>>> print(open('work.cif').read())   # mmCIF, C-alpha atoms
data_coords
#
loop_
_atom_site.label_atom_id
_atom_site.label_comp_id
_atom_site.auth_asym_id
_atom_site.auth_seq_id
_atom_site.Cartn_x
_atom_site.Cartn_y
_atom_site.Cartn_z
CA MET A 1 15.08 4.19 -8.51
CA LYS A 2 11.82 5.06 -6.81
CA PRO A 3 11.66 6.68 -3.36
CA LEU A 4 11.24 4.37 -0.39
CA ALA A 5 8.55 4.94 2.24
CA ILE A 6 6.94 2.90 4.99
CA GLN A 7 3.33 2.16 5.89
CA LEU A 8 2.93 2.97 9.60
CA TYR A 9 0.69 -0.08 10.08
CA THR A 10 4.02 -1.93 10.20
CA LEU A 11 4.85 -0.27 13.52
CA ARG A 12 1.34 -0.01 14.94
CA ASP A 13 2.18 -1.93 18.14
CA ALA A 14 5.19 0.23 18.96
CA MET A 15 3.33 3.46 18.22
CA GLN A 16 0.16 2.82 20.20
CA ASP A 17 1.65 4.02 23.49
CA GLY A 18 2.01 7.63 22.41
CA ASN A 19 5.67 7.38 21.42
CA HIS A 20 4.99 8.03 17.75
CA LEU A 21 7.24 11.08 17.47
CA PRO A 22 10.46 9.24 18.44
CA ILE A 23 9.56 6.40 16.09
CA LEU A 24 8.88 8.79 13.22
CA GLN A 25 12.24 10.40 13.89
CA GLU A 26 13.91 6.99 13.91
CA LEU A 27 12.40 6.23 10.51
CA ALA A 28 13.76 9.54 9.23
CA ASP A 29 17.17 8.74 10.71
CA ILE A 30 17.20 5.36 8.96
CA GLY A 31 16.61 7.21 5.70
CA TYR A 32 13.01 6.58 4.71
CA LYS A 33 11.77 9.29 2.36
CA GLY A 34 8.06 8.97 2.99
CA ILE A 35 5.27 7.86 5.26
CA GLU A 36 1.95 6.23 4.44
CA GLY A 37 -0.22 6.93 7.44
CA HIS A 38 -1.51 9.80 9.55
CA GLY A 39 -3.23 10.59 12.83
CA PHE A 40 -1.84 9.97 16.34
CA GLY A 41 -3.87 12.87 17.69
CA MET A 42 -2.73 15.21 14.94
CA THR A 43 -4.71 16.76 12.13
CA ASN A 44 -3.55 15.88 8.64
CA ARG A 45 -1.90 19.28 8.29
CA GLU A 46 -0.13 18.88 11.63
CA PHE A 47 1.04 15.38 10.73
CA ARG A 48 2.29 16.61 7.37
CA LYS A 49 4.34 19.36 9.01
CA VAL A 50 5.84 16.98 11.56
CA ILE A 51 7.15 14.52 9.00
CA GLU A 52 8.22 17.23 6.56
CA ASP A 53 10.26 18.87 9.35
CA MET A 54 11.96 15.46 9.71
CA GLY A 55 12.80 15.38 6.00
CA MET A 56 10.04 13.02 4.91
CA SER A 57 6.75 13.45 3.08
CA SER A 58 3.34 11.79 2.86
CA THR A 59 3.07 9.26 0.07
CA SER A 60 -0.68 8.79 -0.10
CA TYR A 61 -3.91 8.98 1.83
CA PHE A 62 -5.03 5.49 2.86
CA GLY A 63 -8.52 6.33 4.05
CA PRO A 64 -11.85 4.65 4.77
CA ASN A 65 -14.06 3.28 2.02
CA GLN A 66 -16.10 5.95 0.34
CA THR A 67 -19.58 6.85 -0.85
CA PRO A 68 -20.70 9.82 -2.98
CA GLU A 69 -21.80 11.50 0.27
CA THR A 70 -18.34 11.27 1.89
CA ILE A 71 -16.00 11.53 -1.08
CA ASN A 72 -15.51 15.30 -0.93
CA GLN A 73 -14.29 15.08 2.66
CA PHE A 74 -11.99 12.24 1.61
CA ILE A 75 -10.54 14.46 -1.13
CA ASP A 76 -10.09 17.36 1.29
CA GLU A 77 -8.20 15.12 3.71
CA ALA A 78 -5.88 13.95 0.93
CA HIS A 79 -5.17 17.54 -0.03
CA GLU A 80 -4.42 18.38 3.61
CA LEU A 81 -1.72 15.70 3.60
CA GLY A 82 -0.33 17.12 0.37
CA VAL A 83 -0.58 13.87 -1.60
CA LYS A 84 -1.72 13.05 -5.11
CA ASP A 85 -2.53 9.36 -4.51
CA THR A 86 -5.36 7.89 -2.43
CA VAL A 87 -6.03 4.30 -1.41
CA ASN A 88 -8.90 2.10 -0.24
CA GLY A 89 -9.29 -1.65 0.15
CA TYR A 90 -12.03 -4.23 0.58
CA GLY A 91 -12.44 -7.64 2.16
CA THR A 92 -13.13 -11.15 0.98
CA ARG A 93 -16.91 -10.75 0.66
CA GLU A 94 -16.66 -8.20 -2.15
CA TYR A 95 -14.38 -10.47 -4.21
CA LYS A 96 -16.16 -13.76 -3.65
CA THR A 97 -18.15 -13.95 -6.92
CA VAL A 98 -18.37 -12.11 -10.22
CA ASP A 99 -21.67 -10.60 -9.06
CA SER A 100 -20.18 -9.32 -5.80
CA ILE A 101 -17.22 -7.87 -7.71
CA LYS A 102 -19.60 -6.05 -10.04
CA GLU A 103 -21.46 -4.67 -7.04
CA LEU A 104 -18.16 -3.37 -5.69
CA ALA A 105 -17.37 -1.90 -9.11
CA GLU A 106 -20.60 0.10 -8.99
CA LYS A 107 -19.57 1.57 -5.65
CA LEU A 108 -16.12 2.47 -6.92
CA ASN A 109 -17.45 3.96 -10.13
CA SER A 110 -19.66 6.29 -8.10
CA VAL A 111 -16.62 7.92 -6.49
CA ALA A 112 -13.48 7.23 -8.57
CA PRO A 113 -14.31 9.78 -11.31
CA ILE A 114 -14.82 12.45 -8.63
CA VAL A 115 -11.41 11.69 -7.14
CA LYS A 116 -9.82 11.76 -10.58
CA ALA A 117 -11.44 15.12 -11.37
CA ALA A 118 -9.86 16.49 -8.19
CA GLY A 119 -6.42 15.65 -9.56
CA LEU A 120 -5.90 12.55 -7.44
CA THR A 121 -5.52 8.85 -8.16
CA TYR A 122 -7.85 6.33 -6.51
CA SER A 123 -6.18 2.97 -5.89
CA MET A 124 -7.21 -0.36 -4.48
CA HIS A 125 -4.80 -2.02 -2.08
CA ASN A 126 -4.83 -5.80 -2.41
CA HIS A 127 -4.51 -8.79 -0.16
CA TYR A 128 -4.36 -12.38 -1.40
CA TRP A 129 -8.07 -12.75 -2.14
CA GLU A 130 -8.02 -10.29 -5.04
CA PHE A 131 -5.53 -12.67 -6.65
CA GLU A 132 -7.62 -15.80 -6.30
CA MET A 133 -9.39 -17.22 -9.33
CA VAL A 134 -13.07 -16.39 -9.78
CA ASP A 135 -14.79 -17.98 -12.78
CA GLY A 136 -11.55 -18.50 -14.63
CA ARG A 137 -9.96 -15.10 -14.00
CA LEU A 138 -8.19 -13.32 -11.18
CA ALA A 139 -10.75 -11.47 -9.08
CA ILE A 140 -8.84 -8.22 -9.53
CA GLU A 141 -9.09 -8.55 -13.32
CA TRP A 142 -12.87 -8.56 -13.13
CA LEU A 143 -12.79 -5.42 -11.01
CA LEU A 144 -10.31 -3.42 -13.07
CA ASP A 145 -12.17 -4.20 -16.29
CA GLU A 146 -15.25 -2.61 -14.75
CA CYS A 147 -13.46 0.39 -13.22
CA PRO A 148 -11.42 2.43 -15.72
CA ASP A 149 -10.67 5.20 -13.20
CA VAL A 150 -9.37 2.87 -10.48
CA THR A 151 -5.63 2.33 -10.09
CA MET A 152 -3.62 -0.04 -7.91
CA GLU A 153 -1.48 -0.05 -4.83
CA LEU A 154 -0.03 -3.44 -5.68
CA ASP A 155 1.23 -5.51 -2.76
CA LEU A 156 4.12 -7.67 -3.96
CA TYR A 157 3.62 -10.35 -1.31
CA TRP A 158 -0.14 -10.77 -1.37
CA CYS A 159 -0.31 -10.72 -5.18
CA THR A 160 1.55 -14.03 -5.25
CA ASN A 161 -1.34 -15.65 -3.35
CA PHE A 162 1.23 -17.74 -1.46
CA GLY A 163 3.06 -18.84 -4.59
CA ALA A 164 0.13 -19.36 -6.94
CA GLN A 165 1.46 -16.43 -8.98
CA LYS A 166 4.86 -14.85 -9.47
CA ALA A 167 5.16 -11.29 -8.21
CA ALA A 168 7.02 -10.01 -11.27
CA ASP A 169 4.37 -11.49 -13.56
CA MET A 170 1.61 -9.69 -11.66
CA VAL A 171 3.50 -6.40 -11.72
CA THR A 172 4.04 -6.75 -15.46
CA LYS A 173 0.42 -7.70 -16.05
CA PHE A 174 -0.96 -4.65 -14.25
CA LYS A 175 1.92 -2.19 -14.67
CA ASP A 176 -0.24 0.41 -16.41
CA ARG A 177 -2.50 0.59 -13.35
CA VAL A 178 0.18 0.47 -10.63
CA VAL A 179 0.77 3.91 -9.09
CA LEU A 180 1.92 2.68 -5.67
CA MET A 181 3.70 -0.51 -4.66
CA HIS A 182 3.73 -2.19 -1.26
CA VAL A 183 7.06 -3.93 -0.82
CA LYS A 184 6.64 -6.98 1.34
CA ASP A 185 8.46 -10.28 1.73
CA GLY A 186 7.97 -13.57 3.52
CA PRO A 187 7.77 -17.35 3.27
CA MET A 188 4.66 -17.43 1.04
CA VAL A 189 2.91 -19.63 3.61
CA LYS A 190 -0.48 -18.49 4.88
CA ASP A 191 -0.47 -17.22 8.47
CA GLU A 192 3.32 -17.50 8.83
CA PRO A 193 5.25 -14.35 9.83
CA MET A 194 6.66 -12.03 7.20
CA THR A 195 10.33 -11.16 6.94
CA ALA A 196 12.51 -8.17 6.24
CA ALA A 197 12.66 -7.32 2.55
CA GLY A 198 15.13 -9.62 0.83
CA ALA A 199 14.92 -12.32 3.49
CA GLY A 200 11.85 -14.10 2.11
CA LYS A 201 10.81 -15.86 -1.09
CA VAL A 202 9.49 -12.94 -3.14
CA ASP A 203 11.87 -12.01 -5.94
CA LEU A 204 11.83 -8.30 -5.19
CA ALA A 205 14.77 -7.60 -7.48
CA GLU A 206 12.73 -8.87 -10.42
CA ALA A 207 9.34 -7.50 -9.39
CA ILE A 208 10.15 -3.92 -8.35
CA PRO A 209 11.58 -2.70 -11.69
CA ALA A 210 8.68 -4.20 -13.67
CA ALA A 211 6.45 -1.14 -13.08
CA ASN A 212 6.87 2.59 -12.55
CA PRO A 213 5.08 3.50 -9.30
CA ASN A 214 5.27 6.87 -7.62
CA TRP A 215 6.40 5.28 -4.35
CA LEU A 216 7.75 2.01 -2.99
CA ILE A 217 6.18 1.52 0.43
CA LEU A 218 7.52 -1.07 2.85
CA GLU A 219 4.86 -2.90 4.84
CA MET A 220 4.92 -5.87 7.18
CA ASP A 221 1.72 -7.10 8.80
CA PHE A 222 3.61 -9.11 11.41
CA CYS A 223 7.15 -10.42 11.74
CA ALA A 224 8.91 -13.12 13.76
CA THR A 225 11.84 -10.82 14.56
CA ASP A 226 11.99 -7.37 16.12
CA MET A 227 9.92 -5.17 13.83
CA MET A 228 12.15 -2.10 13.91
CA GLN A 229 15.18 -4.24 13.16
CA ALA A 230 13.32 -5.70 10.18
CA VAL A 231 12.47 -2.15 9.09
CA ARG A 232 16.17 -1.27 9.22
CA GLU A 233 17.23 -4.42 7.40
CA SER A 234 14.61 -3.81 4.72
CA TYR A 235 15.97 -0.32 4.10
CA GLN A 236 19.51 -1.65 3.89
CA TYR A 237 18.51 -4.34 1.40
CA LEU A 238 16.36 -2.16 -0.86
CA VAL A 239 18.62 0.89 -0.92
CA GLY A 240 21.83 -1.12 -0.77
CA ASN A 241 20.80 -3.14 -3.82
CA ALA A 242 19.69 -0.07 -5.76
CA LEU A 243 16.05 -1.17 -5.78
CA ALA A 244 14.90 2.04 -4.09
CA SER A 245 16.23 5.45 -3.14
CA GLY A 246 16.48 6.73 0.40
CA ASN A 247 17.74 9.78 2.27
CA ARG A 248 20.73 7.95 3.76
CA PRO A 249 23.42 5.90 1.98
CA VAL A 250 23.94 2.26 2.93
#
>>> encode(input="work.cif", output="structure tokens")
Amino acid sequence: MKPLAIQLYTLRDAMQDGNHLPILQELADIGYKGIEGHGFGMTNREFRKVIEDMGMSSTSYFGPNQTPETINQFIDEAHELGVKDTVNGYGTREYKTVDSIKELAEKLNSVAPIVKAAGLTYSMHNHYWEFEMVDGRLAIEWLLDECPDVTMELDLYWCTNFGAQKAADMVTKFKDRVVLMHVKDGPMVKDEPMTAAGAGKVDLAEAIPAANPNWLILEMDFCATDMMQAVRESYQYLVGNALASGNRPV
């Protein structure tokens, strides 16, 4: 079983009022092993110490999109967090056509080898548009073919493109590139709220074991129920069904 973490974007509304320390402690008390996120007025080193003192660790550095001029700072920030995996992501414009995907590939190829040489992975996080068809292929296929040093933070909900694909099939297809996995569930209907893991239509029990990521990272963009309750229920489902490992038994 892979260790279970949470992307702090999930709790962005609750944490914006300066009460991030109690929420981080609550996540530790639930049993989450790791955190994807940083900041809240702290340097990366300070943030790392805070969560490590709580019994958690940083999973990855999800930072801004990079250029050759900024990549060394990006690498330094990842090292400050003590991670070996880094993540970026792009919007719909970059994945609209084969030409725009190849333009994006040129950007990524100007920085990904530098990140790799520093001992880090460089992953793309996906939404649904990377898993739309572009000239007969998934948009993400065009990109990965052009970018041998780019890995994936595969999002199990978005990769279905609202049911157009099966999550387990996408995990299997790209398993050699998947170093991080965003665990997400929901109704597979565009713009409808997501759910706690195990309460939606994604077959997480089939999809999660189909690759060998370094971390499983829970994320919910928005949810119809109380978000912290959904965070708790997700932990209970994933750890309780032996799909992930946590710091607390269920």
>>> closest_residue(input="work.cif", among="A:Leu4, A:Ile23, A:Met133, A:Val179", to="Leu120 (chain A)", atoms="all atoms listed in the file")
A:Val179
>>> resolve_selection(input="work.cif", expression="the PyMOL selection byres ((chain A and resi 234) around 12)", output="PyMOL selection string")
chain A and resi 4-6+27+30-32+183-186+194-200+204+216-220+227-233+235-241+243-244+246+250
>>> residues_around(input="work.cif", residues="Thr67 (chain A)", least_positions_apart="6", cutoff="12 Å", atoms="all atoms listed in the file", output="MDAnalysis selection string")
chainID A and resid 73:75 88 104 106:112 114:115
>>> residues_around(input="work.cif", residues="His127 (chain A)", least_positions_apart="4", cutoff="10 Å", atoms="all atoms listed in the file", output="PyMOL selection string")
chain A and resi 89-92+131-132+154-161
>>> atom_distance(input="work.cif", atom1="CA of Arg48 (chain A)", atom2="CA of Glu36 (chain A)")
10.8 Å
>>> resolve_selection(input="work.cif", expression="the PyMOL selection byres ((chain A and resi 82) around 10)", output="list in words")
Asn44, Arg45, Arg48, Ser57, Ser58, Thr59, Ser60, Tyr61, Asp76, Glu77, Ala78, His79, Glu80, Leu81, Val83, Lys84 and Asp85 of chain A
>>> closest_residue(input="work.cif", among="A:Gln7, A:Cys223, A:Asn65, A:Pro148", to="Met181 (chain A)", atoms="all atoms listed in the file")
A:Gln7
>>> atom_distance(input="work.cif", atom1="CA of Asp17 (chain A)", atom2="CA of Pro3 (chain A)")
28.8 Å
>>> atom_distance(input="work.cif", atom1="CA of His182 (chain A)", atom2="CA of Ser123 (chain A)")
12.1 Å
>>> resolve_selection(input="work.cif", expression="the PyMOL selection byres ((chain A and resi 101) around 12)", output="ChimeraX atom specification")
/A:90-100,102-108,129-130,134-135,138-147
>>> residues_near_point(input="work.cif", point="(15.1, -7.0, -13.6)", cutoff="12 Å", atoms="only C-alpha atoms", output="VMD selection string")
chain A and resid 168 to 169 171 to 172 203 to 211 241 to 243
>>> write_last_selection(input="work.cif", atoms="C-alpha atoms", output="PDB file, in the frame of the given file")
ATOM      1  CA  ALA A 168       7.020 -10.010 -11.270  1.00  0.00           C
ATOM      2  CA  ASP A 169       4.370 -11.490 -13.560  1.00  0.00           C
ATOM      3  CA  VAL A 171       3.500  -6.400 -11.720  1.00  0.00           C
ATOM      4  CA  THR A 172       4.040  -6.750 -15.460  1.00  0.00           C
ATOM      5  CA  ASP A 203      11.870 -12.010  -5.940  1.00  0.00           C
ATOM      6  CA  LEU A 204      11.830  -8.300  -5.190  1.00  0.00           C
ATOM      7  CA  ALA A 205      14.770  -7.600  -7.480  1.00  0.00           C
ATOM      8  CA  GLU A 206      12.730  -8.870 -10.420  1.00  0.00           C
ATOM      9  CA  ALA A 207       9.340  -7.500  -9.390  1.00  0.00           C
ATOM     10  CA  ILE A 208      10.150  -3.920  -8.350  1.00  0.00           C
ATOM     11  CA  PRO A 209      11.580  -2.700 -11.690  1.00  0.00           C
ATOM     12  CA  ALA A 210       8.680  -4.200 -13.670  1.00  0.00           C
ATOM     13  CA  ALA A 211       6.450  -1.140 -13.080  1.00  0.00           C
ATOM     14  CA  ASN A 241      20.800  -3.140  -3.820  1.00  0.00           C
ATOM     15  CA  ALA A 242      19.690  -0.070  -5.760  1.00  0.00           C
ATOM     16  CA  LEU A 243      16.050  -1.170  -5.780  1.00  0.00           C
TER      17      LEU A 243
END
>>> closest_residue(input="work.cif", among="A:Thr225, A:Asn72, A:Thr86, A:Gln25", to="Thr121 (chain A)", atoms="only C-alpha atoms")
A:Thr86
>>> residues_around(input="work.cif", residues="Asp29 (chain A)", least_positions_apart="4", cutoff="10 Å", atoms="all atoms listed in the file", output="list of chain:residue names")
A:Ile23, A:Leu24, A:Gln25, A:Lys33, A:Met54, A:Gly55, A:Asn247, A:Arg248
>>> axis_aligned_box(input="work.cif", around="region 67-82 of chain A", padding_each_side="5 Å", output="AutoDock Vina command-line options")
--center_x -11.1 --center_y 12.6 --center_z 0.4 --size_x 31.5 --size_y 21.5 --size_z 16.7
>>> residues_around(input="work.cif", residues="Met188 (chain A)", least_positions_apart="5", cutoff="7 Å", atoms="only C-alpha atoms", output="number ranges by chain")
A: 162-163, 201
>>> build_atoms(input="work.cif", residues="region 207-222 of chain A", atoms="N, CA and C atoms", output="compact mmCIF listing (two decimals), in the frame of the given file")
# COMPACT_ATOMS: atom_id res chain seq x y z
N ALA A 207 10.69 -8.07 -9.39
CA ALA A 207 9.34 -7.50 -9.39
C ALA A 207 9.35 -5.97 -9.37
N ILE A 208 10.20 -5.37 -8.55
CA ILE A 208 10.15 -3.92 -8.35
C ILE A 208 10.37 -3.14 -9.65
N PRO A 209 11.36 -3.49 -10.47
CA PRO A 209 11.58 -2.70 -11.69
C PRO A 209 10.56 -2.93 -12.80
N ALA A 210 9.62 -3.85 -12.60
CA ALA A 210 8.68 -4.20 -13.67
C ALA A 210 7.54 -3.20 -13.83
N ALA A 211 7.46 -2.20 -12.95
CA ALA A 211 6.45 -1.14 -13.08
C ALA A 211 7.10 0.19 -12.71
N ASN A 212 6.33 1.24 -12.79
CA ASN A 212 6.87 2.59 -12.55
C ASN A 212 6.01 3.34 -11.54
N PRO A 213 5.95 2.85 -10.30
CA PRO A 213 5.08 3.50 -9.30
C PRO A 213 5.66 4.82 -8.82
N ASN A 214 4.81 5.62 -8.21
CA ASN A 214 5.27 6.87 -7.62
C ASN A 214 6.09 6.64 -6.35
N TRP A 215 5.71 5.60 -5.60
CA TRP A 215 6.40 5.28 -4.35
C TRP A 215 6.53 3.77 -4.19
N LEU A 216 7.61 3.35 -3.55
CA LEU A 216 7.75 2.01 -2.99
C LEU A 216 7.52 2.14 -1.49
N ILE A 217 6.59 1.36 -0.96
CA ILE A 217 6.18 1.52 0.43
C ILE A 217 6.35 0.19 1.16
N LEU A 218 7.31 0.13 2.06
CA LEU A 218 7.52 -1.07 2.85
C LEU A 218 6.34 -1.30 3.78
N GLU A 219 5.88 -2.55 3.85
CA GLU A 219 4.86 -2.90 4.84
C GLU A 219 5.08 -4.33 5.30
N MET A 220 4.95 -4.53 6.60
CA MET A 220 4.92 -5.87 7.18
C MET A 220 3.73 -5.94 8.12
N ASP A 221 2.89 -6.94 7.93
CA ASP A 221 1.72 -7.10 8.80
C ASP A 221 2.13 -7.63 10.16
N PHE A 222 3.04 -8.59 10.18
CA PHE A 222 3.61 -9.11 11.41
C PHE A 222 4.92 -9.79 11.04
